[in-house]
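*Asks:* Before I ask anything, here is the structure I am working with.
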Amino acid sequence: MLIQLFERAALLLITLFFMTRVPKFKETLQKDHHSPTELTLITLIFCAFALFGTYSGIQVEGSIVNIRTIAIMSGGILFGPWVGIVTGIVSGVHRYLIDIGGVTSVPCLITSILAGIVSGYIHYRVKKNSRWIYGIVAGMLCEMLTMILILLMADPFDLGVDIVSKIALPMILGQGSIGLIVLMIASVEGEKERIAAQQAQLALNIANKTLPYFRSINGNSLRTICTIIKEDIRADAVAITDTKDVLAYVGFGEEKYKIGQEIISDLTKETVRSGKITIRNNIADHHTPQIHCLLVIPLEERGVVTGTLKIYYRKAYTITYTLQTMAIGLAQIISTLMEVSRVEQMKEEANKAELKALQTKINPHFLFNALNAIASTTRRDPEKARELIINLSGYMRYNLEVGEELIDIQLALKQVKDYIQIEKARFGNRLQVNYEIDDTHIKLPSLLIQPLVENAVVHGILKRKGPGVVTISVKDLGETVRVSVRDTGEGIAQDVINRLAKDEVSSKQIGLTNVHQRVKLTYGTGLVIRRLEPGTEVYFDITKEIA
């Protein structure tokens, strides 16, 4: 009987072994936490094993020598009390119903349920590497209890003694198979660490390859990064977005996406909004019908979602648990690299801004024109000339003191007003300036507003004949503060707007490009430029939390 029990246990082991070769089942075994659906499926499998154990049992004097307890204990130890208790109840009740009134039916019912409870306890309380030995001991104790209950409930008692004397030894020793099953499944779970190491190595290799392209983040570098990721993880397409627009897309369906195109996927918008990973292993409503798998991972900087990494496959059910784990790690690395890159670029742009300020300070044309305006005013309006000298000294002092520190917006506006007063002295009625300033003291990097005003005056108003109006606006919109410069001048060329959106530097628009890059690096989105009739509006929003 002991040999026959081991044969049936071996059949159970072989079945489980082949099931662990099925990728989906293997992936489920390797998870630390299981969904209700997965637990239900696992419970059904071990219930089937337990029922098989009963039906394949050996009849001995009205009792059944079987491997039911082995299936119950193995399921509970490996997957927790839900699997163990349900399997114990189902198989125990089944054992009772097929032999109502039998000598061993009630003892088997009791110990089957008890085995489920004990196995669940072992799952939670015993370390993984010791569960197999605890499972063997617990299984043997359960079978010993079964023998004791048979002796207590048998009528006549001699019948109970006769049954126990024949089945006790094989039933108790047969529980050694629990250890074999637990160890086999544990070995499959152990592969998870090896796979995790491989995926971590893959993520690090990708990070190493993409690192040079993070030194200057733009459309071309992001496209190269997507290409490297796509090739290394064998995806059909890879994309990177910010919170509003597509920044790069490489692979299948590429012709449908343009750099700077607004995000149209509701799944991506939901990922940005919730900050949670989105997985679709058999998507049917994607706007590219050939795409059947989609993985959207949020990119975060300092706890704030700044974009997403999107991975596409044309074949359904391609996104495995190990791929998800690797992609999450890769996204974390990319987030860190992008954050470091932004900091480095901010420092670089700050240095450029200081250089720009230095150039303005020693610009002979500006000084010459300003001094000429003051000289021409001295005789006819000495008081006005005195004010202009104060304006010029304030403007120059601001440029001398400017650094990388954040400054109060009111201080930045004071420099703008000094600049405007000097320009108005030069051009008189040709230049009119309106201020729409809310009382706010938010801080921002230096030299963001003045270059926009200078751009509006020099490249807007003065390019047209007749007078023009520049409107400088600072509006508190609640969660954000909008800084806007509008003019009624010639109007900016659409080509300049397009080049700026692609982060391409124009030799004629260095100041505007500089401000655009610094605003984008600081607040996530760059300048917004609108053509007016007539003129141009340039604005940017400062999120109060970021400020």
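Residue numbering restarts at 1 for every chain of the structure tokens, chains are lettered A, B, ... in their displayed order, and ligands are numbered from 1 as they appear.
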List the neighbours of region 100-110 of chain A out to 7 Å using only C-alpha atoms; skip same-chain residues closer than 5 positions along the sequence, and give me the result as a list in words.

*Replies:*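 Contacts, in chain order: Gly62, Ser63, Gly92, Val93, Arg95, Thr146, Leu149, Ile150 and Ala154 of chain A.
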
*Asks:* Could you list, as a PyMOL selection string, every residue within 12 Å of region 28-38 of chain A, counting only C-alpha atoms and ignoring same-chain residues fewer than 5 positions away?

*Replies:* chain A and resi 16-17+19-23+43-45+75+78-80+82-83+128+182+184-196+320-322+324-325

*Asks:* Find the spatial neighbours of Leu337 (chain A), counting only C-alpha atoms, within a cut-off of 9 Å - ignore same-chain residues fewer than 6 positions away - and output them as a list in words.

*Replies:*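 Counting only C-alpha atoms, the residues come to Ala207, Leu211, Phe214 and Arg215 of chain A.
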
*Asks:* Report, in Å to a single decimal, how far apart CA of Leu2 (chain A) and CA of Ile181 (chain A) are.

*Replies:*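 About the pair CA of Ile181 (chain A) and CA of Leu2 (chain A): they are 17.2 Å apart.
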
*Asks:* Give me, as a compact mmCIF listing (two decimals) with N, CA, C and O atoms, in the first residue's frame, all polymer residues having an atom no more than 12 Å from Ala456 (chain A), counting only C-alpha atoms and skipping those fewer than 2 positions away in the same chain.

*Replies:*
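Generated output (around_7.txt):
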# COMPACT_ATOMS: atom_id res chain seq x y z
N ILE A 420 11.74 99.29 -19.46
CA ILE A 420 10.68 99.94 -20.23
C ILE A 420 10.84 101.46 -20.20
O ILE A 420 10.66 102.15 -21.23
N GLU A 423 13.47 102.50 -22.63
CA GLU A 423 13.02 102.35 -24.02
C GLU A 423 11.95 103.39 -24.38
O GLU A 423 11.93 103.90 -25.52
N LEU A 431 5.91 103.63 -28.25
CA LEU A 431 5.85 102.49 -27.33
C LEU A 431 4.93 102.82 -26.15
O LEU A 431 5.19 103.75 -25.40
N GLN A 432 3.86 102.04 -26.03
CA GLN A 432 2.96 102.16 -24.88
C GLN A 432 2.98 100.81 -24.15
O GLN A 432 3.00 99.75 -24.77
N VAL A 433 2.98 100.89 -22.81
CA VAL A 433 3.05 99.67 -22.00
C VAL A 433 1.93 99.67 -20.98
O VAL A 433 1.71 100.67 -20.29
N ILE A 449 11.33 87.13 -17.50
CA ILE A 449 10.32 88.05 -18.03
C ILE A 449 10.95 89.12 -18.92
O ILE A 449 10.45 89.40 -20.01
N GLN A 450 12.07 89.71 -18.47
CA GLN A 450 12.67 90.82 -19.22
C GLN A 450 13.02 90.45 -20.66
O GLN A 450 12.76 91.23 -21.58
N PRO A 451 13.62 89.27 -20.93
CA PRO A 451 13.90 88.92 -22.33
C PRO A 451 12.63 88.84 -23.19
O PRO A 451 12.68 89.16 -24.38
N LEU A 452 11.50 88.41 -22.60
CA LEU A 452 10.25 88.35 -23.36
C LEU A 452 9.77 89.75 -23.70
O LEU A 452 9.27 90.00 -24.80
N VAL A 453 9.90 90.68 -22.73
CA VAL A 453 9.50 92.07 -22.98
C VAL A 453 10.40 92.69 -24.04
O VAL A 453 9.94 93.37 -24.96
N GLU A 454 11.70 92.46 -23.90
CA GLU A 454 12.65 92.99 -24.89
C GLU A 454 12.35 92.44 -26.27
O GLU A 454 12.41 93.17 -27.27
N VAL A 458 11.62 94.92 -29.39
CA VAL A 458 12.58 94.99 -30.49
C VAL A 458 12.07 94.28 -31.74
O VAL A 458 12.16 94.80 -32.86
N HIS A 459 11.53 93.04 -31.55
CA HIS A 459 11.11 92.24 -32.72
C HIS A 459 9.62 92.36 -33.02
O HIS A 459 9.15 91.78 -34.01
N GLY A 460 8.90 93.08 -32.17
CA GLY A 460 7.47 93.25 -32.40
C GLY A 460 7.10 94.67 -32.74
O GLY A 460 6.85 95.01 -33.92
N ILE A 461 7.12 95.55 -31.74
CA ILE A 461 6.66 96.92 -31.92
C ILE A 461 7.51 97.68 -32.93
O ILE A 461 6.99 98.35 -33.84
N LEU A 462 8.83 97.62 -32.79
CA LEU A 462 9.71 98.43 -33.61
C LEU A 462 9.82 97.94 -35.05
O LEU A 462 10.42 98.62 -35.89
N LYS A 463 9.27 96.76 -35.34
CA LYS A 463 9.29 96.25 -36.71
C LYS A 463 8.14 96.83 -37.55
O LYS A 463 8.10 96.64 -38.76
N ARG A 464 7.21 97.54 -36.88
CA ARG A 464 6.07 98.12 -37.59
C ARG A 464 6.12 99.63 -37.49
O ARG A 464 6.67 100.20 -36.55
N GLY A 468 2.76 101.18 -30.91
CA GLY A 468 2.39 99.82 -30.53
C GLY A 468 2.24 99.70 -29.03
O GLY A 468 2.73 100.54 -28.27
N VAL A 469 1.56 98.66 -28.61
CA VAL A 469 1.26 98.46 -27.19
C VAL A 469 1.84 97.12 -26.74
O VAL A 469 1.64 96.09 -27.39
N VAL A 470 2.55 97.14 -25.61
CA VAL A 470 3.01 95.91 -24.96
C VAL A 470 2.26 95.78 -23.64
O VAL A 470 2.23 96.73 -22.84
N THR A 471 1.64 94.64 -23.42
CA THR A 471 0.89 94.39 -22.19
C THR A 471 1.61 93.30 -21.40
O THR A 471 1.79 92.19 -21.89
N ILE A 472 2.01 93.65 -20.17
CA ILE A 472 2.69 92.70 -19.29
C ILE A 472 1.70 92.28 -18.21
O ILE A 472 1.19 93.12 -17.47
N SER A 484 2.39 86.65 -18.72
CA SER A 484 2.10 86.82 -20.14
C SER A 484 2.65 88.15 -20.63
O SER A 484 2.62 89.16 -19.92
N VAL A 485 3.18 88.15 -21.87
CA VAL A 485 3.63 89.37 -22.55
C VAL A 485 2.96 89.40 -23.92
O VAL A 485 3.18 88.51 -24.75
N ARG A 486 2.13 90.43 -24.14
CA ARG A 486 1.43 90.59 -25.42
C ARG A 486 1.90 91.87 -26.10
O ARG A 486 2.20 92.87 -25.42
N ASP A 487 1.93 91.83 -27.41
CA ASP A 487 2.28 93.05 -28.15
C ASP A 487 1.41 93.16 -29.39
O ASP A 487 0.82 92.17 -29.84
N THR A 488 1.33 94.34 -29.92
CA THR A 488 0.56 94.60 -31.15
C THR A 488 1.50 94.83 -32.32
O THR A 488 1.19 95.59 -33.24
N GLY A 489 2.66 94.20 -32.25
CA GLY A 489 3.68 94.41 -33.27
C GLY A 489 3.49 93.58 -34.51
O GLY A 489 2.38 93.14 -34.85
N GLU A 490 4.61 93.28 -35.17
CA GLU A 490 4.58 92.60 -36.47
C GLU A 490 4.06 91.17 -36.38
O GLU A 490 3.44 90.66 -37.29
N GLY A 491 4.31 90.52 -35.26
CA GLY A 491 3.87 89.13 -35.10
C GLY A 491 4.99 88.16 -35.39
O GLY A 491 5.76 88.35 -36.34
N ILE A 492 5.07 87.13 -34.58
CA ILE A 492 6.14 86.15 -34.72
C ILE A 492 5.85 85.20 -35.88
O ILE A 492 4.69 84.88 -36.17
N GLN A 509 16.84 84.04 -32.44
CA GLN A 509 15.91 83.99 -31.31
C GLN A 509 16.57 83.33 -30.10
O GLN A 509 15.97 82.50 -29.42
N GLY A 511 17.51 84.60 -27.19
CA GLY A 511 16.87 84.96 -25.92
C GLY A 511 15.57 84.21 -25.69
O GLY A 511 15.33 83.68 -24.60
N LEU A 512 14.73 84.14 -26.73
CA LEU A 512 13.45 83.44 -26.61
C LEU A 512 13.66 81.96 -26.38
O LEU A 512 12.99 81.34 -25.54
N ILE A 529 3.18 80.14 -27.27
CA ILE A 529 3.23 81.31 -28.15
C ILE A 529 2.00 81.29 -29.05
O ILE A 529 1.70 80.28 -29.69
N GLY A 535 0.01 91.14 -33.83
CA GLY A 535 0.95 90.91 -32.75
C GLY A 535 1.11 89.47 -32.30
O GLY A 535 0.75 88.52 -33.00
N THR A 536 1.63 89.33 -31.07
CA THR A 536 2.01 88.03 -30.52
C THR A 536 1.74 88.01 -29.03
O THR A 536 1.87 89.04 -28.35
N GLU A 537 1.36 86.84 -28.50
CA GLU A 537 1.29 86.65 -27.06
C GLU A 537 2.21 85.48 -26.69
O GLU A 537 2.16 84.42 -27.31
N VAL A 538 3.04 85.71 -25.68
CA VAL A 538 3.91 84.67 -25.14
C VAL A 538 3.62 84.55 -23.65
O VAL A 538 3.63 85.56 -22.94
N TYR A 539 3.32 83.33 -23.18
CA TYR A 539 3.06 83.18 -21.75
C TYR A 539 3.58 81.85 -21.25
O TYR A 539 3.84 80.92 -22.03

*Asks:* Pick from A:Leu367, A:Ile442, A:Leu267, A:Leu413: nearest to Leu392 (chain A), with only C-alpha atoms counted?

*Replies:*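 When distances to Leu392 (chain A) are compared using only C-alpha atoms, the smallest one comes from A:Leu367.
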
*Asks:* By how many Å are CA of Leu97 (chain A) and CA of Ile122 (chain A) apart?

*Replies:*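 Interatomic distance, CA of Leu97 (chain A) to CA of Ile122 (chain A): 28.5 Å.
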
*Asks:* I'd like the neighbourhood of Lys256 (chain A) as JSON, numbers by chain, where a residue qualifies if any of its atoms comes within 10 Å (using only C-alpha atoms), though same-chain residues fewer than 4 positions away should be ignored.

*Replies:* {"A": [249, 252, 261, 287, 288]}

*Asks:* Keeping C-alpha atoms, export the residues of the selection given above as a short mmCIF file (atom, residue, chain, number, x, y, z; two decimals), in the first residue's frame.

*Replies:*
data_model
loop_
_atom_site.label_atom_id
_atom_site.label_comp_id
_atom_site.auth_asym_id
_atom_site.auth_seq_id
_atom_site.Cartn_x
_atom_site.Cartn_y
_atom_site.Cartn_z
CA TYR A 249 7.50 57.23 -30.74
CA PHE A 252 4.97 49.93 -35.49
CA GLN A 261 1.16 65.71 -30.83
CA HIS A 287 -6.57 53.20 -32.33
CA THR A 288 -3.89 51.00 -33.97
#

*Asks:* Extract, using only C-alpha atoms, all DNA, RNA and protein residues at most 12 Å from Ile228 (chain A), discarding same-chain residues fewer than 2 positions from it, and format them as a PDB file with C-alpha atoms, in the first residue's frame.

*Replies:*
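Result file follows (selection12.pdb):
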ATOM      1  CA  LEU A 202      18.842  44.042 -18.781  1.00  0.00           C
ATOM      2  CA  ALA A 203      17.464  47.281 -17.307  1.00  0.00           C
ATOM      3  CA  ASN A 205      22.339  47.539 -19.753  1.00  0.00           C
ATOM      4  CA  ILE A 206      19.625  49.652 -21.349  1.00  0.00           C
ATOM      5  CA  ALA A 207      20.325  52.467 -18.889  1.00  0.00           C
ATOM      6  CA  ASN A 208      24.034  52.269 -19.723  1.00  0.00           C
ATOM      7  CA  LYS A 209      23.328  52.472 -23.469  1.00  0.00           C
ATOM      8  CA  THR A 210      20.890  55.376 -23.133  1.00  0.00           C
ATOM      9  CA  LEU A 211      22.888  57.384 -20.569  1.00  0.00           C
ATOM     10  CA  TYR A 213      21.480  60.634 -24.692  1.00  0.00           C
ATOM     11  CA  SER A 221      17.753  61.984 -28.085  1.00  0.00           C
ATOM     12  CA  LEU A 222      14.381  60.681 -26.821  1.00  0.00           C
ATOM     13  CA  ARG A 223      13.823  58.948 -30.161  1.00  0.00           C
ATOM     14  CA  THR A 224      17.214  57.239 -29.852  1.00  0.00           C
ATOM     15  CA  ILE A 225      16.378  56.177 -26.285  1.00  0.00           C
ATOM     16  CA  CYS A 226      13.076  54.645 -27.472  1.00  0.00           C
ATOM     17  CA  LYS A 230      12.555  48.699 -28.333  1.00  0.00           C
ATOM     18  CA  GLU A 231      15.447  46.627 -29.663  1.00  0.00           C
ATOM     19  CA  ASP A 232      16.627  45.332 -26.283  1.00  0.00           C
ATOM     20  CA  ILE A 233      13.202  44.198 -25.009  1.00  0.00           C
ATOM     21  CA  ARG A 234      12.035  43.159 -28.518  1.00  0.00           C
ATOM     22  CA  ALA A 235       8.929  45.331 -28.415  1.00  0.00           C
ATOM     23  CA  ALA A 237       6.868  49.978 -30.489  1.00  0.00           C
ATOM     24  CA  VAL A 238       8.052  52.206 -27.629  1.00  0.00           C
ATOM     25  CA  ALA A 239       6.972  55.758 -26.817  1.00  0.00           C
ATOM     26  CA  TYR A 249       7.497  57.234 -30.741  1.00  0.00           C
ATOM     27  CA  VAL A 250       9.477  54.479 -32.463  1.00  0.00           C
ATOM     28  CA  GLY A 251       8.217  51.305 -34.111  1.00  0.00           C
TER      29      GLY A 251
END

*Asks:* Counting only C-alpha atoms, figure out which residue out of A:Leu295, A:Val474, A:Arg531, A:Tyr523 gets nearest to Val496 (chain A).

*Replies:*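 That would be A:Arg531, the residue with the smallest distance to Val496 (chain A).
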
*Asks:* Based on DSSP run over this structure's backbone, return all residues of region 200-420 of chain A in helix (DSSP H, G or I), as number ranges by chain.

*Replies:* A: 200-214, 219-233, 254-256, 266-274, 321-361, 364-378, 382-401, 409-420

*Asks:* If you run DSSP on the backbone, which residues of region 214-282 of chain A are strand (DSSP E), as JSON, numbers by chain?

*Replies:* {"A": [237, 238, 239, 240, 241, 242, 246, 247, 248, 249, 250, 251, 278, 279, 280]}

*Asks:* In Å, with one decimal, what is the gap from CA of Thr111 (chain A) to CA of Phe52 (chain A)?

*Replies:*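 Result for CA of Thr111 (chain A) versus CA of Phe52 (chain A): 17.4 Å, one decimal.
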
*Asks:* Kindly indicate which residue among A:Pro212, A:Asp476, A:Leu204, A:Tyr419 lies nearest to Gln332 (chain A), using only C-alpha atoms for the distances.

*Replies:*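 Ranking A:Pro212, A:Asp476, A:Leu204, A:Tyr419 by distance to Gln332 (chain A), first place goes to A:Leu204.
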